Amino acid sequence: MTVLVGAFFVAALLAAPLFRLCGRAAFLVLALVPGAGFVVSLAQLPRILSGGDDWMERFNWLPALNLQVVFLMDPLAWLLSLLVTGIGALVFVYCARYFAADEPRLARFAGVLMAFAGMMYGLVLADEMLLLFIFWEGTTVFSYLLIGQYNSRQQSRRAALQALVVTTAGGLAMLVGVILLTVVMGTGRISMIVDIGYTVGINGGLVITAVMLILVGAVSKSALIPFHFWLPGAMAAPTPVSAYLHAAAMVKAGIYLVLRLAPGFHGMPGWTAVLLALGITTMLMGGWQALRQFDLKLVLAFGTVSQLGFLIIVSSFGTRDITLAATTLLLAHGLFKSALFLIVGIIDHRAGTRDLRKLSGYGARSKGLFIAALVAAASMAGVPPLFGFVAKEAVYTTLLEDGTKAGAIAVIGVFLGSVLTVAYSARFVWGAFATKPGVEPIEPARESPLFKSVPYLLAALTVLAGLASSFLDPVIASWSARLAGGAEKPYYLALWHGLEPALLLSAGNLALGLTMFWFGRQVSVFQAAMPDGIDFHGLYRRSITGLEASAAYVTARTQRGSMPFYQGVIYIVFIGSMSAALLLNDTWPSGIALADNALQIIVAAAIIMAALAATRAQKRFAAVVIVGISGYMMVAFFALQGAPDLALTQVLVETITIVVFVLVLRRLPARIGNSSGRLSPSLRGLIAAVFGIMMMLLVFVAFGARTAAPISESFPFLAYEYGHGKNVVNVTLVEIRAWDTLGELSVVVAAATGVASLIFVRGREGRLQRFQSHRPDSFAARHRPVEDELFSPMRTTDDGPSTDTKRSAWLLAGRALAPKNRSILLEVLVRLLFHPILVFSVYLLFAGHNLPGGGFAAGLVAGMALVARYLAAGRHELAEAAPIDAGVLLGLGLALAAGTSLGGFLWGSVFFESAYWSTELPVLGYVSFGTSTIFDVGVYFVVVGLMLDILRSLGAGVDRHQEADEERLAESLSRDEHAGPDTTQLHAILGRMDDVEVDGPAGGSRL
């Protein structure tokens, strides 16, 4: 099962190359993945029928927190896996002809759809609460991307965001419930929790609260009132998405969760009342709204809402016979509703409209499609001998035999809702295929046999399942047979149970529903006269609008654009809160050690003097350099304390920080402006002094308050014995605290994306234009002097000495700079040192396990090499040095780091468990390798990617802005002398360039 779940995500990653290779036929290749899952699930049929042990795979996840990865295929998960994989494979086949060959972003769509299928497959197999929640939220994220596939349409973007907000809000409530239930029950295993609830009963109010919070997530995911409105809005998605997510897969997640929990908690106070009320109300409201729609997809969407209410009613009882009816209805709904959505896709694809008022004569011209739609709609209405009829008969009979008040209420609600179901089913068939007077018949285009085969197959399965219901009974009943409750003689599925009340109720549904359809005009008039009721979508929009207005109000009064104000508020709040904590503290250290040695005092004095000098600096560049001195003093402190690894990292970080500051300061005035705020310098100094003293006291008390032995004392032993490394710092990062490092890498990737988005508004600039293919016509290029030849190696030809234009400088792109920004000394040094620095970075990467270094320090060293290339010859030289997308490096690094965690299952038993190999080689001698090195390589790539993003945004991006200013200045100066210069634009340009400390692109001797 683990391999199958992983196969979905591997296929999602391979979607892009497959589409480049095969075009839209790649959908057929990708269909093999869910198809394989269907075959594997089907192969478990003998085990399911024999009642043998369930197929389970279990791995340790976080043993310290008793968390495991548990996949369990019991009969309920087995039935849902057939639905997810079987219909998923058919939807992929359908997509191969639904989309045009030149459809934009098709590979992305296929990859996201495959990832969604993997999330849904993992969700139904997960037997651990937190694992289920991870897959649960994964379906939310990928459904958001699928609904918003047509991101150029405002309707698609709004619908996607609405679905995301609603289901995520429910998911957050569910997360609280999951954690609470896990803590109270003492286990996260779903099967164990249900068994405890069934055998022991409900254990107090905390369990009730936790389960109700989980139900909020289920209700929001399955689009029940009051969260139902997101599902009709999601019809903005492509039709295959509607057929899969909103008929067969995602909306079934909440139903599945209720089915899973019902055997243990259906007796809990509030369970039945809440779910019955929501289910009946949703069923009636959805059916009523479906009769008011003219868009065929909206008819089906509101019909789906109604059917989800139907499903939640019968799923909530948790007894043997009603659960059998619920699982039968679940499978029947997946077949007929996905077929109907796919048929609408064909109609829309060929007729160009889904408006039933504009469709006429389609049934006469496409008889096969009409028959398939008629069969599917009849199954939805409960017409014999179809599978939907078998399911509805089972529902009526088992509810009537339940003998409880809840069962009686459910029968009434289901009967009324089923009348509406028959009415909108007939309306759908009439609207899509009937010949309407006064409406011009539509001549459908020729459909591909492969395109039509999928809904035909689903409609045929609806017929076959109904006829073979007696044979399917032991299969579908494999889950409910494990449950208690119900009549003395178990109910069984059959097409004919004789003349019984259920048959009369079904006949009444058909008669009343067809009557409503026949008098459709009168029904429409009555609906128009009825009050609209609660507009839940309007409530959502008003809530979002109010939230945005509140955010704008708070922001306008707190985000005043004053950095000193923000800092002052932060410092004052910190001082107040920490003062209260220190006053309440009753354990103060007994002694004070001023320093360990005299050198520490010298370092501290230097840091203090640098800090004081920074407050007196009048220019920004000087302030940056002075602040950097305090950072370099920390390097000395780390070295004195015997921490060379920290010292190396600190010196690299401090150097790069100064470079980044300089890149930013190029576009700012050189001098620090005078403050016009309310805080006087003396008050600022007082706040700063109190904050510093408070920090000193806080650290003093924190160190003195320790009573237990710190766990870090065992790190050297753990690093050497288990991590096979002597560098405790590096082994801690990649072994002992690898989870923390992975989280920090995610933050770094997010920060890099944020930095790039500030400059590249529309998207990260992947690869800068390389110099060979770029002939700059910028201000600097037009004023290229003859002195360039001084930097050009000469060669001799028959005509005499000549300059090789392809090797015109020590650095290839150096001649793209203006001469004032070039330095032969810097170019020579960078050319000589660039490759040794890169080699040194690789050495630090692989030596870091036992010596100072590691992926982070090595990545910073490689970044320094790139910085040197950029400073020496500008942005074109950076493109020559690193012709690769920074996003690729960031993604590859994060994937390697995260992949190492999953790889722990291959060579160990828990996440991030590493393996270590060592051997003697003939030439190299003793060689050792640990899998944590792969994690370190990922860190290296992420840091290098971050440096590239910084240089391309704060460096190259700002260069382009400056070049644009210079272009406009040159154009102003070269205008017709009679017209005169555009003084407004000229003054604006000069105003931005005035007082800039670092001139020109960040290169050459001026910097």
# chains A, B, ... in the order shown; residues from 1 in each chain; ligands from 1
call {"tool": "residues_around", "arguments": {"residues": "segment 890-906 of chain A", "least_positions_apart": "3", "cutoff": "7 Å", "atoms": "only C-alpha atoms", "output": "mmCIF file with C-alpha atoms, in the first residue's frame"}}
result
data_model
loop_
_atom_site.group_PDB
_atom_site.id
_atom_site.type_symbol
_atom_site.label_atom_id
_atom_site.label_comp_id
_atom_site.auth_asym_id
_atom_site.auth_seq_id
_atom_site.Cartn_x
_atom_site.Cartn_y
_atom_site.Cartn_z
ATOM 1 C CA LEU A 742 13.708 20.462 7.510
ATOM 2 C CA LEU A 745 14.728 24.784 5.115
ATOM 3 C CA VAL A 749 12.548 28.483 0.601
ATOM 4 C CA ALA A 886 17.140 29.274 -8.537
ATOM 5 C CA GLY A 887 13.700 27.751 -8.026
ATOM 6 C CA SER A 909 12.026 1.958 10.361
ATOM 7 C CA VAL A 910 11.351 5.624 11.218
ATOM 8 C CA PHE A 911 11.533 8.979 9.505
ATOM 9 C CA PHE A 912 15.064 10.359 9.147
ATOM 10 C CA GLU A 913 16.665 7.175 10.427
ATOM 11 C CA SER A 914 20.009 7.110 8.656
ATOM 12 C CA ILE A 934 22.079 13.337 1.143
ATOM 13 C CA PHE A 935 20.205 15.572 3.576
ATOM 14 C CA GLY A 938 19.810 19.210 0.050
ATOM 15 C CA VAL A 939 20.770 21.935 2.531
ATOM 16 C CA PHE A 941 21.297 23.295 -2.794
ATOM 17 C CA VAL A 942 18.746 25.317 -0.807
ATOM 18 C CA GLY A 945 19.377 28.694 -4.470
#
call {"tool": "residues_around", "arguments": {"residues": "segment 542-544 of chain A", "least_positions_apart": "4", "cutoff": "12 Å", "atoms": "only C-alpha atoms", "output": "ChimeraX atom specification"}}
result
/A:158,161-162,165-166,535-538,548-551
call {"tool": "write_last_selection", "arguments": {"atoms": "N, CA and C atoms", "output": "PDB file, in the first residue's frame"}}
result
ATOM      1  N   ARG A 158     -12.263  32.803  -7.724  1.00  0.00           N
ATOM      2  CA  ARG A 158     -13.128  32.992  -6.556  1.00  0.00           C
ATOM      3  C   ARG A 158     -13.660  31.660  -6.040  1.00  0.00           C
ATOM      4  N   LEU A 161     -10.873  29.766  -4.231  1.00  0.00           N
ATOM      5  CA  LEU A 161     -10.575  30.350  -2.923  1.00  0.00           C
ATOM      6  C   LEU A 161     -11.702  30.077  -1.929  1.00  0.00           C
ATOM      7  N   GLN A 162     -12.937  30.133  -2.404  1.00  0.00           N
ATOM      8  CA  GLN A 162     -14.075  29.868  -1.528  1.00  0.00           C
ATOM      9  C   GLN A 162     -14.034  28.439  -1.012  1.00  0.00           C
ATOM     10  N   VAL A 165     -11.184  28.172   1.568  1.00  0.00           N
ATOM     11  CA  VAL A 165     -11.465  28.804   2.861  1.00  0.00           C
ATOM     12  C   VAL A 165     -12.443  27.966   3.678  1.00  0.00           C
ATOM     13  N   VAL A 166     -13.515  27.517   3.030  1.00  0.00           N
ATOM     14  CA  VAL A 166     -14.559  26.786   3.763  1.00  0.00           C
ATOM     15  C   VAL A 166     -14.023  25.449   4.271  1.00  0.00           C
ATOM     16  N   ASP A 535     -29.414  32.998   2.773  1.00  0.00           N
ATOM     17  CA  ASP A 535     -28.414  33.010   1.698  1.00  0.00           C
ATOM     18  C   ASP A 535     -27.034  32.756   2.318  1.00  0.00           C
ATOM     19  N   PHE A 536     -26.649  31.484   2.370  1.00  0.00           N
ATOM     20  CA  PHE A 536     -25.387  31.135   3.019  1.00  0.00           C
ATOM     21  C   PHE A 536     -24.193  31.664   2.235  1.00  0.00           C
ATOM     22  N   HIS A 537     -24.302  31.668   0.915  1.00  0.00           N
ATOM     23  CA  HIS A 537     -23.222  32.228   0.117  1.00  0.00           C
ATOM     24  C   HIS A 537     -23.070  33.722   0.395  1.00  0.00           C
ATOM     25  N   GLY A 538     -24.199  34.416   0.516  1.00  0.00           N
ATOM     26  CA  GLY A 538     -24.135  35.836   0.846  1.00  0.00           C
ATOM     27  C   GLY A 538     -23.530  36.072   2.219  1.00  0.00           C
ATOM     28  N   GLU A 548     -12.043  41.580   5.680  1.00  0.00           N
ATOM     29  CA  GLU A 548     -11.115  42.442   4.946  1.00  0.00           C
ATOM     30  C   GLU A 548     -11.199  43.886   5.445  1.00  0.00           C
ATOM     31  N   ALA A 549     -12.422  44.356   5.726  1.00  0.00           N
ATOM     32  CA  ALA A 549     -12.576  45.732   6.223  1.00  0.00           C
ATOM     33  C   ALA A 549     -11.943  45.878   7.604  1.00  0.00           C
ATOM     34  N   SER A 550     -12.125  44.879   8.455  1.00  0.00           N
ATOM     35  CA  SER A 550     -11.519  44.931   9.786  1.00  0.00           C
ATOM     36  C   SER A 550      -9.995  44.920   9.694  1.00  0.00           C
ATOM     37  N   ALA A 551      -9.484  44.082   8.786  1.00  0.00           N
ATOM     38  CA  ALA A 551      -8.034  44.033   8.607  1.00  0.00           C
ATOM     39  C   ALA A 551      -7.497  45.364   8.109  1.00  0.00           C
TER      40      ALA A 551
END
call {"tool": "select_by_dssp", "arguments": {"residues": "segment 139-250 of chain A", "states": "helix (DSSP H, G or I)", "output": "ChimeraX atom specification"}}
result
/A:139-147,154-185,190-199,205-221,230-236,239-248
call {"tool": "residues_around", "arguments": {"residues": "segment 46-56 of chain A", "least_positions_apart": "6", "cutoff": "8 Å", "atoms": "only C-alpha atoms", "output": "MDAnalysis selection string"}}
result
chainID A and resid 70:75 474:475 478
call {"tool": "residues_around", "arguments": {"residues": "Gln289 of chain A", "least_positions_apart": "4", "cutoff": "10 Å", "atoms": "only C-alpha atoms", "output": "NGL selection string"}}
result
:A and (284-285 or 293 or 298-299 or 301-303 or 305-306 or 420 or 424 or 527)
call {"tool": "residues_around", "arguments": {"residues": "segment 694-702 of chain A", "least_positions_apart": "4", "cutoff": "10 Å", "atoms": "only C-alpha atoms", "output": "list in words"}}
result
Phe574, Ile575, Gly576, Met578, Ser579, Ala581, Leu582, Asn585, Thr587, Trp588, Pro589, Ile592, Ala688, Ala689, Val690 and Arg706 of chain A
call {"tool": "closest_residue", "arguments": {"among": "A:Val69, A:Ala494, A:Met120, A:Ala484", "to": "Leu467 of chain A", "atoms": "only C-alpha atoms"}}
result
A:Ala494
call {"tool": "residues_around", "arguments": {"residues": "Val194 of chain A", "least_positions_apart": "2", "cutoff": "10 Å", "atoms": "only C-alpha atoms", "output": "list in words"}}
result
Met185, Arg189, Ile190, Ser191, Met192, Ile196, Gly197, Tyr198, Thr199, Val200, Gly201, Arg260, Leu261, Ala262, Pro263, Gly264 and Phe265 of chain A
call {"tool": "write_last_selection", "arguments": {"atoms": "C-alpha atoms", "output": "CSV table (one decimal), in the first residue's frame"}}
result
chain,number,residue,atom,x,y,z
A,185,MET,CA,-8.2,8.0,24.1
A,189,ARG,CA,-5.3,4.5,15.8
A,190,ILE,CA,-8.8,5.0,14.3
A,191,SER,CA,-9.7,1.4,14.5
A,192,MET,CA,-8.7,1.3,18.2
A,196,ILE,CA,-12.9,1.7,22.5
A,197,GLY,CA,-16.0,3.8,21.8
A,198,TYR,CA,-18.0,0.7,20.9
A,199,THR,CA,-16.9,-1.5,23.9
A,200,VAL,CA,-16.4,1.0,26.6
A,201,GLY,CA,-18.7,3.8,25.6
A,260,ARG,CA,-15.8,5.0,10.0
A,261,LEU,CA,-16.6,6.6,13.3
A,262,ALA,CA,-20.4,5.7,13.5
A,263,PRO,CA,-20.0,2.2,14.9
A,264,GLY,CA,-18.2,3.6,17.9
A,265,PHE,CA,-20.0,6.9,18.5
call {"tool": "residues_around", "arguments": {"residues": "Glu440 of chain A", "least_positions_apart": "6", "cutoff": "10 Å", "atoms": "only C-alpha atoms", "output": "PDB file with N, CA and C atoms, in the first residue's frame"}}
result
ATOM      1  N   LYS A 358     -31.259  26.292 -24.096  1.00  0.00           N
ATOM      2  CA  LYS A 358     -30.703  26.437 -25.437  1.00  0.00           C
ATOM      3  C   LYS A 358     -30.412  25.095 -26.095  1.00  0.00           C
ATOM      4  N   LEU A 359     -30.538  24.014 -25.341  1.00  0.00           N
ATOM      5  CA  LEU A 359     -30.283  22.681 -25.884  1.00  0.00           C
ATOM      6  C   LEU A 359     -31.580  22.090 -26.409  1.00  0.00           C
ATOM      7  N   SER A 360     -31.530  21.579 -27.634  1.00  0.00           N
ATOM      8  CA  SER A 360     -32.725  20.982 -28.223  1.00  0.00           C
ATOM      9  C   SER A 360     -32.308  19.929 -29.236  1.00  0.00           C
ATOM     10  N   GLY A 361     -32.977  18.792 -29.187  1.00  0.00           N
ATOM     11  CA  GLY A 361     -32.758  17.757 -30.185  1.00  0.00           C
ATOM     12  C   GLY A 361     -31.477  16.979 -30.035  1.00  0.00           C
TER      13      GLY A 361
END
call {"tool": "closest_residue", "arguments": {"among": "A:Leu340, A:Ile607, A:Leu291, A:Ala394", "to": "Val314 of chain A", "atoms": "only C-alpha atoms"}}
result
A:Ala394
call {"tool": "closest_residue", "arguments": {"among": "A:Leu275, A:Leu300, A:Leu825, A:Ala636", "to": "His333 of chain A", "atoms": "only C-alpha atoms"}}
result
A:Leu300
